[in-house]
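Student: Structure: my_file.txt, compact mmCIF, C-alpha atoms.
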```
# COMPACT_ATOMS: atom_id res chain seq x y z
CA MET A 1 166.17 1.63 150.10
CA PRO A 2 168.70 1.95 147.26
CA ASN A 3 168.42 -0.27 144.24
CA ILE A 4 170.84 -1.48 141.61
CA GLU A 5 169.88 -1.91 137.99
CA VAL A 6 171.23 -4.94 136.11
CA ASN A 7 170.05 -5.98 132.62
CA GLY A 8 166.98 -3.79 133.00
CA LYS A 9 166.00 -5.45 136.27
CA SER A 10 166.02 -3.70 139.61
CA TYR A 11 167.47 -5.32 142.74
CA GLU A 12 167.04 -4.07 146.28
CA THR A 13 170.23 -3.43 148.29
CA ASP A 14 170.96 -1.97 151.70
CA GLU A 15 172.86 1.29 152.31
CA GLU A 16 176.20 -0.50 151.96
CA GLY A 17 175.30 -2.22 148.71
CA TYR A 18 174.54 -5.72 150.02
CA LEU A 19 171.67 -7.52 148.27
CA VAL A 20 168.59 -7.58 150.48
CA ASN A 21 167.17 -10.81 149.04
CA LEU A 22 169.52 -13.76 148.78
CA ALA A 23 167.40 -15.27 146.04
CA ASP A 24 168.02 -12.24 143.80
CA TRP A 25 171.61 -13.27 143.19
CA ASN A 26 172.92 -14.35 139.81
CA LYS A 27 176.26 -14.12 138.01
CA ASP A 28 175.36 -10.86 136.26
CA VAL A 29 174.43 -9.23 139.54
CA ALA A 30 177.70 -10.51 141.02
CA ASP A 31 179.64 -9.03 138.08
CA TYR A 32 177.85 -5.72 138.55
CA ILE A 33 178.60 -5.53 142.28
CA ALA A 34 182.22 -6.55 141.60
CA LYS A 35 182.58 -3.64 139.19
CA THR A 36 181.30 -1.18 141.78
CA GLU A 37 183.96 -2.61 144.11
CA ASN A 38 186.67 -2.33 141.43
CA VAL A 39 187.18 -6.07 141.41
CA ALA A 40 187.75 -7.71 138.01
CA MET A 41 186.29 -11.17 138.42
CA SER A 42 188.69 -13.97 137.45
CA GLU A 43 188.36 -17.72 137.80
CA GLN A 44 190.06 -17.41 141.21
CA HIS A 45 187.51 -14.83 142.34
CA TRP A 46 184.61 -17.02 141.27
CA GLU A 47 186.13 -19.94 143.13
CA VAL A 48 185.94 -17.98 146.40
CA VAL A 49 182.47 -16.59 145.64
CA ASP A 50 181.15 -20.07 144.83
CA PHE A 51 182.75 -21.40 147.98
CA LEU A 52 181.05 -18.71 150.07
CA ARG A 53 177.66 -19.46 148.55
CA GLY A 54 178.15 -23.15 149.26
CA TYR A 55 179.16 -22.36 152.84
CA TYR A 56 176.10 -20.17 153.35
CA ASP A 57 173.86 -22.81 151.85
CA GLU A 58 175.16 -25.35 154.34
CA TYR A 59 175.42 -23.26 157.53
CA GLN A 60 173.12 -20.25 156.95
CA ILE A 61 175.84 -17.75 157.88
CA ALA A 62 178.67 -15.96 156.11
CA PRO A 63 181.92 -17.19 157.70
CA ALA A 64 184.35 -14.98 159.59
CA VAL A 65 187.60 -14.34 157.69
CA ARG A 66 189.58 -16.70 159.89
CA VAL A 67 187.05 -19.47 159.35
CA LEU A 68 186.83 -18.80 155.62
CA THR A 69 190.63 -18.90 155.25
CA LYS A 70 190.86 -22.20 157.07
CA ALA A 71 187.98 -23.75 155.15
CA ILE A 72 189.34 -22.60 151.78
CA GLY A 73 192.73 -24.08 152.66
CA LYS A 74 191.06 -27.37 153.41
CA LYS A 75 189.05 -27.41 150.20
CA LEU A 76 191.30 -25.66 147.65
CA GLY A 77 194.78 -26.17 149.07
CA PRO A 78 197.14 -24.27 151.40
CA GLU A 79 198.37 -21.92 148.65
CA LYS A 80 194.84 -20.48 148.62
CA GLY A 81 194.01 -20.89 152.29
CA ASN A 82 195.90 -17.84 153.52
CA SER A 83 194.84 -14.27 154.04
CA GLN A 84 197.47 -12.86 151.65
CA TYR A 85 195.98 -14.74 148.71
CA LEU A 86 192.43 -13.78 149.65
CA TYR A 87 193.28 -10.10 150.27
CA GLU A 88 194.97 -9.94 146.87
CA LEU A 89 191.71 -11.07 145.29
CA PHE A 90 189.50 -8.91 147.51
CA PRO A 91 191.54 -5.95 148.79
CA TYR A 92 188.77 -4.63 151.05
CA GLY A 93 188.57 -7.91 152.92
CA PRO A 94 187.64 -11.36 151.68
CA ALA A 95 184.69 -11.73 154.02
CA LYS A 96 183.24 -8.28 153.52
CA GLN A 97 183.88 -7.74 149.82
CA ALA A 98 183.55 -11.32 148.61
CA CYS A 99 180.33 -11.75 150.61
CA LYS A 100 178.88 -8.67 148.96
CA ILE A 101 179.70 -10.04 145.51
CA ALA A 102 178.33 -13.45 146.53
CA GLY A 103 175.03 -11.83 147.50
CA LEU A 104 175.37 -12.82 151.15
CA PRO A 105 174.77 -10.72 154.24
CA LYS A 106 177.75 -9.17 155.97
CA PRO A 107 179.47 -11.76 158.20
CA THR A 108 178.28 -11.77 161.80
CA GLY A 109 180.56 -9.67 163.96
CA CYS A 110 181.92 -7.75 160.99
CA VAL A 111 181.59 -3.98 161.43
CA MET B 1 190.01 -20.95 186.03
CA SER B 2 191.88 -21.37 182.78
CA ASP B 3 195.56 -22.31 182.85
CA GLU B 4 196.70 -20.16 179.95
CA PRO B 5 197.31 -16.48 180.72
CA GLY B 6 194.87 -14.09 179.04
CA ILE B 7 192.44 -16.85 178.22
CA LYS B 8 189.19 -17.03 180.10
CA LYS B 9 186.60 -19.74 180.29
CA PHE B 10 183.32 -18.51 178.79
CA MET B 11 180.14 -20.52 179.09
CA PHE B 12 176.96 -19.67 177.20
CA VAL B 13 173.98 -21.09 179.03
CA ASN B 14 171.01 -21.75 176.73
CA ARG B 15 167.68 -22.49 178.39
CA LYS B 16 165.09 -21.39 175.83
CA ALA B 17 163.43 -23.14 172.89
CA PRO B 18 164.14 -21.63 169.45
CA TYR B 19 161.71 -19.34 167.53
CA GLY B 20 159.20 -18.70 170.37
CA THR B 21 161.59 -16.10 171.77
CA VAL B 22 164.71 -14.51 170.31
CA TYR B 23 167.11 -15.77 173.04
CA ALA B 24 168.44 -18.77 171.10
CA LEU B 25 169.32 -16.80 167.98
CA GLU B 26 170.83 -13.95 170.00
CA ALA B 27 173.01 -16.39 171.93
CA LEU B 28 174.24 -17.97 168.72
CA GLU B 29 175.20 -14.60 167.27
CA VAL B 30 177.11 -13.61 170.39
CA VAL B 31 178.87 -16.99 170.36
CA LEU B 32 180.03 -16.42 166.77
CA ILE B 33 181.35 -12.96 167.63
CA THR B 34 183.08 -14.19 170.79
CA ALA B 35 184.83 -16.87 168.71
CA ALA B 36 187.03 -14.12 167.24
CA PHE B 37 188.61 -13.43 170.65
CA ASP B 38 190.29 -16.83 171.04
CA GLN B 39 188.81 -17.61 174.42
CA ASP B 40 187.92 -20.97 175.91
CA VAL B 41 184.26 -21.08 174.88
CA SER B 42 181.68 -23.70 175.76
CA LEU B 43 177.93 -23.92 175.24
CA ALA B 44 175.55 -25.54 177.68
CA PHE B 45 172.02 -26.53 176.74
CA LEU B 46 169.63 -26.91 179.66
CA ASP B 47 165.86 -27.22 180.02
CA ASP B 48 164.05 -26.16 176.80
CA GLY B 49 167.43 -25.07 175.40
CA VAL B 50 167.96 -28.66 174.24
CA PHE B 51 165.24 -28.08 171.62
CA GLN B 52 167.62 -25.70 169.82
CA LEU B 53 169.65 -28.71 168.68
CA ARG B 54 166.69 -30.79 167.45
CA LYS B 55 167.19 -32.33 164.02
CA GLY B 56 164.75 -31.72 161.18
CA GLN B 57 163.68 -28.10 161.83
CA GLN B 58 161.72 -26.73 158.85
CA THR B 59 160.83 -23.06 159.24
CA LYS B 60 159.41 -22.25 155.82
CA GLY B 61 155.87 -22.27 157.20
CA ILE B 62 156.59 -19.68 159.90
CA GLU B 63 158.65 -17.49 157.54
CA THR B 64 161.50 -17.34 160.03
CA LYS B 65 165.14 -18.08 159.33
CA ASN B 66 166.10 -21.64 160.23
CA PHE B 67 169.31 -21.06 162.18
CA SER B 68 169.74 -24.66 163.29
CA PRO B 69 172.32 -25.47 160.54
CA THR B 70 174.58 -22.81 162.07
CA TYR B 71 175.23 -25.00 165.13
CA ARG B 72 177.08 -27.31 162.74
CA ALA B 73 179.37 -24.42 161.75
CA LEU B 74 180.63 -23.99 165.33
CA GLU B 75 183.28 -26.67 164.88
CA GLY B 76 184.87 -24.54 162.14
CA TYR B 77 184.95 -21.67 164.64
CA ASP B 78 186.89 -23.96 167.02
CA ILE B 79 183.94 -24.16 169.37
CA GLU B 80 183.76 -27.83 170.15
CA LYS B 81 182.52 -27.99 173.72
CA LEU B 82 178.77 -28.46 173.59
CA TYR B 83 177.21 -29.79 176.78
CA VAL B 84 173.64 -31.02 176.97
CA GLU B 85 171.66 -31.71 180.14
CA LYS B 86 170.81 -35.39 180.38
CA GLU B 87 167.65 -34.89 182.45
CA ALA B 88 166.34 -32.23 180.05
CA LEU B 89 166.70 -34.57 177.08
CA ALA B 90 164.94 -37.42 178.89
CA ALA B 91 162.05 -35.23 180.05
CA ARG B 92 161.46 -34.16 176.46
CA GLY B 93 161.59 -37.66 174.98
CA LEU B 94 164.85 -36.94 173.17
CA THR B 95 168.12 -38.83 172.83
CA GLU B 96 171.52 -37.81 171.44
CA ASP B 97 170.43 -39.25 168.07
CA ASP B 98 167.73 -36.58 167.83
CA LEU B 99 170.33 -33.80 167.89
CA LEU B 100 171.99 -32.26 164.84
CA VAL B 101 175.51 -31.97 166.28
CA ASP B 102 177.83 -34.13 168.38
CA VAL B 103 177.49 -33.18 172.04
CA THR B 104 178.61 -34.27 175.46
CA VAL B 105 175.66 -35.30 177.58
CA LEU B 106 176.11 -34.50 181.28
CA ASP B 107 173.81 -34.84 184.26
CA ARG B 108 172.71 -31.76 186.17
CA LYS B 109 175.30 -32.19 188.90
CA ALA B 110 178.18 -32.41 186.41
CA LEU B 111 176.85 -29.40 184.51
CA GLY B 112 176.59 -27.41 187.72
CA ALA B 113 180.17 -28.25 188.61
CA LEU B 114 181.32 -27.18 185.16
CA MET B 115 179.40 -23.92 185.48
CA ASP B 116 181.20 -23.34 188.75
CA GLU B 117 184.59 -23.50 187.02
CA GLN B 118 183.89 -20.69 184.54
CA ASP B 119 185.35 -17.19 184.50
CA VAL B 120 182.43 -15.73 182.59
CA ILE B 121 178.84 -16.94 182.24
CA LEU B 122 176.50 -15.56 179.59
CA SER B 123 172.86 -16.41 180.21
CA PHE B 124 170.22 -16.78 177.55
CA MET C 1 135.24 -21.49 173.40
CA LEU C 2 138.79 -21.49 172.09
CA HIS C 3 141.86 -21.60 174.31
CA ILE C 4 145.26 -20.78 172.85
CA VAL C 5 148.54 -21.74 174.54
CA ASN C 6 151.86 -20.49 173.16
CA LYS C 7 154.29 -21.49 175.93
CA SER C 8 156.30 -24.67 176.38
CA PRO C 9 154.73 -26.96 179.02
CA PHE C 10 158.24 -27.56 180.39
CA SER C 11 158.97 -23.95 181.23
CA SER C 12 155.60 -22.33 181.90
CA GLN C 13 152.39 -22.89 183.86
CA ALA C 14 150.26 -21.59 180.98
CA LEU C 15 148.90 -24.96 179.84
CA ASP C 16 148.33 -26.05 183.47
CA SER C 17 146.35 -22.91 184.25
CA CYS C 18 144.37 -23.23 181.05
CA VAL C 19 143.19 -26.78 181.66
CA GLN C 20 142.55 -26.20 185.37
CA VAL C 21 140.32 -23.22 184.66
CA ALA C 22 138.62 -24.29 181.45
CA PRO C 23 136.02 -27.09 181.48
CA GLY C 24 136.67 -28.08 177.87
CA GLY C 25 136.25 -26.88 174.30
CA ASP C 26 138.83 -26.22 171.61
CA LEU C 27 142.49 -26.01 172.64
CA LEU C 28 145.00 -24.73 170.09
CA LEU C 29 148.74 -25.09 170.68
CA ILE C 30 150.94 -22.57 168.84
CA GLU C 31 154.55 -21.34 168.94
CA ASP C 32 156.40 -22.98 171.86
CA GLY C 33 153.07 -24.41 173.00
CA VAL C 34 153.43 -27.10 170.30
CA TYR C 35 156.00 -28.93 172.45
CA ALA C 36 153.04 -30.23 174.46
CA ALA C 37 151.86 -32.09 171.34
CA SER C 38 155.06 -34.11 171.11
CA SER C 39 154.86 -37.76 172.17
CA GLY C 40 157.27 -39.45 174.56
CA THR C 41 157.82 -36.49 176.87
CA VAL C 42 157.03 -36.18 180.58
CA ALA C 43 153.94 -34.20 179.53
CA ASP C 44 152.67 -37.06 177.36
CA ASN C 45 150.15 -38.53 179.86
CA PHE C 46 149.07 -35.07 180.96
CA MET C 47 148.28 -34.24 177.33
CA ARG C 48 146.34 -37.47 176.83
CA ASP C 49 144.22 -36.57 179.88
CA ILE C 50 143.60 -33.12 178.45
CA MET C 51 142.44 -34.72 175.19
CA LYS C 52 139.58 -36.41 177.04
CA ARG C 53 138.04 -32.99 177.73
CA PHE C 54 139.34 -30.79 174.90
CA ARG C 55 139.48 -30.99 171.13
CA VAL C 56 143.22 -30.38 170.79
CA HIS C 57 144.67 -28.72 167.68
CA VAL C 58 148.25 -27.76 166.88
CA LEU C 59 149.55 -25.22 164.39
CA GLY C 60 151.39 -27.29 161.75
CA PRO C 61 153.97 -24.70 160.66
CA ASP C 62 155.07 -24.21 164.29
CA LEU C 63 155.39 -27.97 164.73
CA GLU C 64 157.51 -28.31 161.57
CA ALA C 65 159.75 -25.38 162.52
CA ARG C 66 160.67 -27.18 165.73
CA GLY C 67 161.39 -30.51 164.04
CA LEU C 68 158.49 -32.27 165.76
CA ALA C 69 156.18 -33.09 162.85
CA ASP C 70 157.01 -36.81 163.13
CA ARG C 71 156.24 -36.94 166.88
CA LEU C 72 152.69 -35.66 167.02
CA ILE C 73 150.52 -37.44 169.61
CA ASP C 74 147.76 -39.42 167.86
CA GLY C 75 144.45 -37.62 168.06
CA ILE C 76 145.81 -34.09 168.01
CA THR C 77 144.78 -32.31 164.81
CA PRO C 78 147.33 -30.24 162.92
CA VAL C 79 145.88 -27.08 161.38
CA ASP C 80 147.33 -24.50 158.98
CA TYR C 81 146.84 -20.72 159.27
CA ALA C 82 143.44 -20.94 157.56
CA GLY C 83 142.47 -23.61 160.09
CA PHE C 84 143.59 -21.26 162.89
CA VAL C 85 141.24 -18.59 161.52
CA ASP C 86 138.41 -21.13 161.23
CA LEU C 87 138.82 -22.03 164.91
CA VAL C 88 138.67 -18.38 165.92
CA VAL C 89 135.60 -17.76 163.77
CA ARG C 90 133.81 -20.90 164.90
CA ASN C 91 134.14 -20.03 168.59
CA LYS C 92 132.26 -17.18 170.24
CA THR C 93 135.20 -16.26 172.48
CA CYS C 94 138.89 -16.90 172.65
CA GLN C 95 141.36 -16.82 175.55
CA SER C 96 145.11 -16.67 174.95
CA TRP C 97 147.03 -18.06 177.93
CA LEU C 98 150.06 -15.84 177.40
```
How does the structure come out when it is put into structure tokens?

Tutor:
Amino acid sequence: MPNIEVNGKSYETDEEGYLVNLADWNKDVADYIAKTENVAMSEQHWEVVDFLRGYYDEYQIAPAVRVLTKAIGKKLGPEKGNSQYLYELFPYGPAKQACKIAGLPKPTGCV
Amino acid sequence: MSDEPGIKKFMFVNRKAPYGTVYALEALEVVLITAAFDQDVSLAFLDDGVFQLRKGQQTKGIETKNFSPTYRALEGYDIEKLYVEKEALAARGLTEDDLLVDVTVLDRKALGALMDEQDVILSF
Amino acid sequence: MLHIVNKSPFSSQALDSCVQVAPGGDLLLIEDGVYAASSGTVADNFMRDIMKRFRVHVLGPDLEARGLADRLIDGITPVDYAGFVDLVVRNKTCQSWL
């Protein structure tokens, strides 16, 4: 399996670059994965990533985009709870790309 | 049959305890995928299936993922119809308070009638 | 000898067959078999009868996974994986009622 190297430490990923072990995640790893995805992490990006990690912690799944959008709107306000905002932050899809940066598995049903 | 055009009534029938077999987890994954299609989805828990909703599951010792918290995510997926067989709960010494989500408890007859009304049944 | 049951008593005849065939000895409940060790079910009295003839053990991690650790029938002994191995070693033969 492929590995990524961050700060001299090696982390196992799958073929698509998702972390294999959830517990491996830290902010440096997230920054590294973001760079490979051409995403420059801002406060707004972290807000979504933190939200996703919180969601996973509570429900043990990565949410579908529709569910994520709705839940973000509820928590962070309607100006952030829409797909346009989230796609601007994560052009390749908020669920897919943001989940990868958050160290979560690909959302169920996401191909 | 459903009143709205293009919308079908889907019922997932869960009859197996979690962890011992993979049915419960597979059902849950299919439910989450189906949620994307905006259909009229309900889940029924019969027989040992009621054990899937038991509070307090701790799977560290069997090194298996505890998927029970995911039932609480269903509401966010707009899946709010969870039916539990009354007789199955009683036979297993359980009450609604032992379950980790809000459910509608129905007796076997009522569940059977509801099953009869569906367009699609998925059995697990 | 040791008898192992891994099926729920509510959906399988495995435990019934086991106790009808076996005269006694060690009985270990694992996987979905642990539901038989839960108090307050319709199998409660059946289990208490079984306990008169068998030393009944239950695999703790399987009990905890199913959220039943607080419902164990008094007199049934929880064992960990090492305890499972001990039971197998201590008995000359072992039958799994699959």

Student: Which polymer residues have any atom within 10 Å of an atom of range 66-69 of chain A, counting only C-alpha atoms, with same-chain residues fewer than 2 positions away left out, as JSON, numbers by chain?

Tutor: {"A": [48, 51, 52, 55, 62, 63, 64, 71, 72, 73, 74, 78, 80, 81, 82, 83, 84, 85, 86, 94, 95], "B": [35, 36, 73, 74, 75, 76, 77, 78]}

Student: Give the residues of chain B that lie within 6 Å of chain A; count only C-alpha atoms, and format the answer as a JSON list (two decimals) with C-alpha atoms, in the frame of the given file.

Tutor:
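out36.json written:
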```
[["chain", "number", "residue", "atom", "x", "y", "z"],
["B", 33, "ILE", "CA", 181.35, -12.96, 167.63],
["B", 69, "PRO", "CA", 172.32, -25.47, 160.54],
["B", 70, "THR", "CA", 174.58, -22.81, 162.07],
["B", 73, "ALA", "CA", 179.37, -24.42, 161.75]]
```

Student: Record the distance separating CA of Tyr81 in chain C and CA of Phe10 in chain C, expressed in Å with one decimal.

Tutor: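 Atom-to-atom, CA of Tyr81 in chain C to CA of Phe10 in chain C, that is 25.0 Å.
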
Student: If we count all atoms listed in the file, what is near Ala40 in chain A at a cut-off of 10 Å, once residues fewer than 6 positions away on the same chain are taken out, given as an MDAnalysis selection string?

Tutor: chainID A and resid 31 34 89:90

Student: With C-alpha atoms retained, could you export that selection as a short mmCIF file (atom, residue, chain, number, x, y, z; two decimals), keeping the file's coordinate frame?

Tutor:
```
data_model
loop_
_atom_site.label_atom_id
_atom_site.label_comp_id
_atom_site.auth_asym_id
_atom_site.auth_seq_id
_atom_site.Cartn_x
_atom_site.Cartn_y
_atom_site.Cartn_z
CA ASP A 31 179.64 -9.03 138.08
CA ALA A 34 182.22 -6.55 141.60
CA LEU A 89 191.71 -11.07 145.29
CA PHE A 90 189.50 -8.91 147.51
#
```

Student: Which residues of chain B sit at most 12 Å from chain C, using only C-alpha atoms? Give each one's shortest atom pair and distance in Å (one decimal place), in chain and ascending residue order, as a Markdown table.

Tutor:
```
| residue | atom | partner | partner_atom | distance |
| --- | --- | --- | --- | --- |
| B:Arg15 | CA | C:Ser11 | CA | 9.3 |
| B:Lys16 | CA | C:Ser11 | CA | 8.6 |
| B:Ala17 | CA | C:Asp32 | CA | 7.1 |
| B:Pro18 | CA | C:Arg66 | CA | 7.5 |
| B:Tyr19 | CA | C:Glu31 | CA | 7.6 |
| B:Gly20 | CA | C:Asp32 | CA | 5.3 |
| B:Thr21 | CA | C:Asp32 | CA | 8.6 |
| B:Val22 | CA | C:Asp32 | CA | 12.0 |
| B:Leu46 | CA | C:Ser11 | CA | 11.2 |
| B:Asp47 | CA | C:Phe10 | CA | 7.6 |
| B:Asp48 | CA | C:Phe10 | CA | 7.0 |
| B:Gly49 | CA | C:Ser11 | CA | 10.3 |
| B:Val50 | CA | C:Arg66 | CA | 11.3 |
| B:Phe51 | CA | C:Arg66 | CA | 7.5 |
| B:Gln52 | CA | C:Arg66 | CA | 8.2 |
| B:Leu53 | CA | C:Arg66 | CA | 9.6 |
| B:Arg54 | CA | C:Gly67 | CA | 6.3 |
| B:Lys55 | CA | C:Gly67 | CA | 6.1 |
| B:Gly56 | CA | C:Gly67 | CA | 4.6 |
| B:Gln57 | CA | C:Gly67 | CA | 4.0 |
| B:Gln58 | CA | C:Ala65 | CA | 4.4 |
| B:Thr59 | CA | C:Ala65 | CA | 4.2 |
| B:Lys60 | CA | C:Ala65 | CA | 7.4 |
| B:Gly61 | CA | C:Pro61 | CA | 4.6 |
| B:Ile62 | CA | C:Pro61 | CA | 5.7 |
| B:Glu63 | CA | C:Pro61 | CA | 9.1 |
| B:Thr64 | CA | C:Ala65 | CA | 8.6 |
| B:Lys65 | CA | C:Ala65 | CA | 9.6 |
| B:Asn66 | CA | C:Ala65 | CA | 7.7 |
| B:Phe67 | CA | C:Ala65 | CA | 10.5 |
| B:Ser68 | CA | C:Arg66 | CA | 9.7 |
| B:Glu87 | CA | C:Val42 | CA | 10.9 |
| B:Ala88 | CA | C:Phe10 | CA | 9.4 |
| B:Leu89 | CA | C:Thr41 | CA | 9.1 |
| B:Ala90 | CA | C:Thr41 | CA | 7.5 |
| B:Ala91 | CA | C:Val42 | CA | 5.1 |
| B:Arg92 | CA | C:Thr41 | CA | 4.3 |
| B:Gly93 | CA | C:Thr41 | CA | 4.4 |
| B:Leu94 | CA | C:Thr41 | CA | 8.0 |
| B:Thr95 | CA | C:Gly40 | CA | 11.0 |
| B:Asp98 | CA | C:Gly67 | CA | 9.6 |
| B:Leu99 | CA | C:Gly67 | CA | 10.3 |
| B:Leu100 | CA | C:Gly67 | CA | 10.8 |
```

Student: Would you work out the distance separating CA of Pro91 in chain A from CA of Leu32 in chain B, expressed in Å to one decimal?

Tutor: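 These two atoms are separated by 23.8 Å.
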
Student: With all heavy atoms as the atom set, please write range 83-91 of chain A from the structure just given, as a compact mmCIF listing (two decimals), in the first residue's frame.

Tutor:
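Output file out-v2.txt follows:
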```txt
# COMPACT_ATOMS: atom_id res chain seq x y z
N SER A 83 -24.07 24.34 -1.11
CA SER A 83 -23.03 23.60 -1.83
C SER A 83 -22.08 24.54 -2.55
O SER A 83 -20.90 24.21 -2.73
CB SER A 83 -23.65 22.58 -2.78
OG SER A 83 -24.62 23.20 -3.57
N GLN A 84 -22.54 25.74 -2.93
CA GLN A 84 -21.64 26.67 -3.62
C GLN A 84 -20.46 27.04 -2.72
O GLN A 84 -19.30 26.97 -3.14
CB GLN A 84 -22.41 27.92 -4.04
CG GLN A 84 -21.68 28.71 -5.11
CD GLN A 84 -22.26 30.11 -5.29
OE1 GLN A 84 -23.41 30.37 -4.95
NE2 GLN A 84 -21.46 31.02 -5.82
N TYR A 85 -20.76 27.39 -1.48
CA TYR A 85 -19.72 27.75 -0.52
C TYR A 85 -18.74 26.59 -0.32
O TYR A 85 -17.52 26.76 -0.36
CB TYR A 85 -20.37 28.15 0.81
CG TYR A 85 -19.39 28.39 1.94
CD1 TYR A 85 -18.69 29.59 2.04
CD2 TYR A 85 -19.17 27.41 2.92
CE1 TYR A 85 -17.80 29.82 3.08
CE2 TYR A 85 -18.28 27.62 3.96
CZ TYR A 85 -17.58 28.82 4.03
OH TYR A 85 -16.71 29.03 5.06
N LEU A 86 -19.30 25.39 -0.14
CA LEU A 86 -18.45 24.23 0.15
C LEU A 86 -17.62 23.81 -1.07
O LEU A 86 -16.47 23.40 -0.93
CB LEU A 86 -19.31 23.06 0.64
CG LEU A 86 -19.97 23.31 2.02
CD1 LEU A 86 -21.00 22.24 2.34
CD2 LEU A 86 -18.90 23.36 3.12
N TYR A 87 -18.20 23.94 -2.27
CA TYR A 87 -17.44 23.59 -3.49
C TYR A 87 -16.36 24.61 -3.79
O TYR A 87 -15.34 24.29 -4.40
CB TYR A 87 -18.37 23.41 -4.70
CG TYR A 87 -18.86 22.00 -4.84
CD1 TYR A 87 -20.08 21.60 -4.30
CD2 TYR A 87 -18.08 21.03 -5.48
CE1 TYR A 87 -20.53 20.30 -4.41
CE2 TYR A 87 -18.52 19.71 -5.61
CZ TYR A 87 -19.75 19.36 -5.06
OH TYR A 87 -20.19 18.06 -5.17
N GLU A 88 -16.57 25.86 -3.34
CA GLU A 88 -15.50 26.86 -3.50
C GLU A 88 -14.30 26.49 -2.65
O GLU A 88 -13.15 26.61 -3.07
CB GLU A 88 -16.01 28.25 -3.13
CG GLU A 88 -16.57 29.00 -4.34
CD GLU A 88 -17.37 30.23 -3.95
OE1 GLU A 88 -17.08 30.83 -2.89
OE2 GLU A 88 -18.30 30.57 -4.70
N LEU A 89 -14.58 25.99 -1.44
CA LEU A 89 -13.49 25.58 -0.55
C LEU A 89 -12.84 24.29 -1.03
O LEU A 89 -11.61 24.16 -0.99
CB LEU A 89 -14.02 25.37 0.88
CG LEU A 89 -14.51 26.60 1.66
CD1 LEU A 89 -15.09 26.16 2.99
CD2 LEU A 89 -13.36 27.59 1.88
N PHE A 90 -13.66 23.36 -1.46
CA PHE A 90 -13.17 22.03 -1.88
C PHE A 90 -13.71 21.72 -3.27
O PHE A 90 -14.74 21.06 -3.41
CB PHE A 90 -13.61 20.96 -0.86
CG PHE A 90 -13.15 21.24 0.54
CD1 PHE A 90 -14.02 21.83 1.47
CD2 PHE A 90 -11.86 20.94 0.95
CE1 PHE A 90 -13.59 22.09 2.77
CE2 PHE A 90 -11.44 21.20 2.25
CZ PHE A 90 -12.31 21.78 3.16
N PRO A 91 -13.00 22.18 -4.31
CA PRO A 91 -13.52 22.09 -5.68
C PRO A 91 -13.85 20.67 -6.15
O PRO A 91 -14.72 20.48 -6.97
CB PRO A 91 -12.38 22.68 -6.53
CG PRO A 91 -11.55 23.47 -5.58
CD PRO A 91 -11.69 22.83 -4.25
```
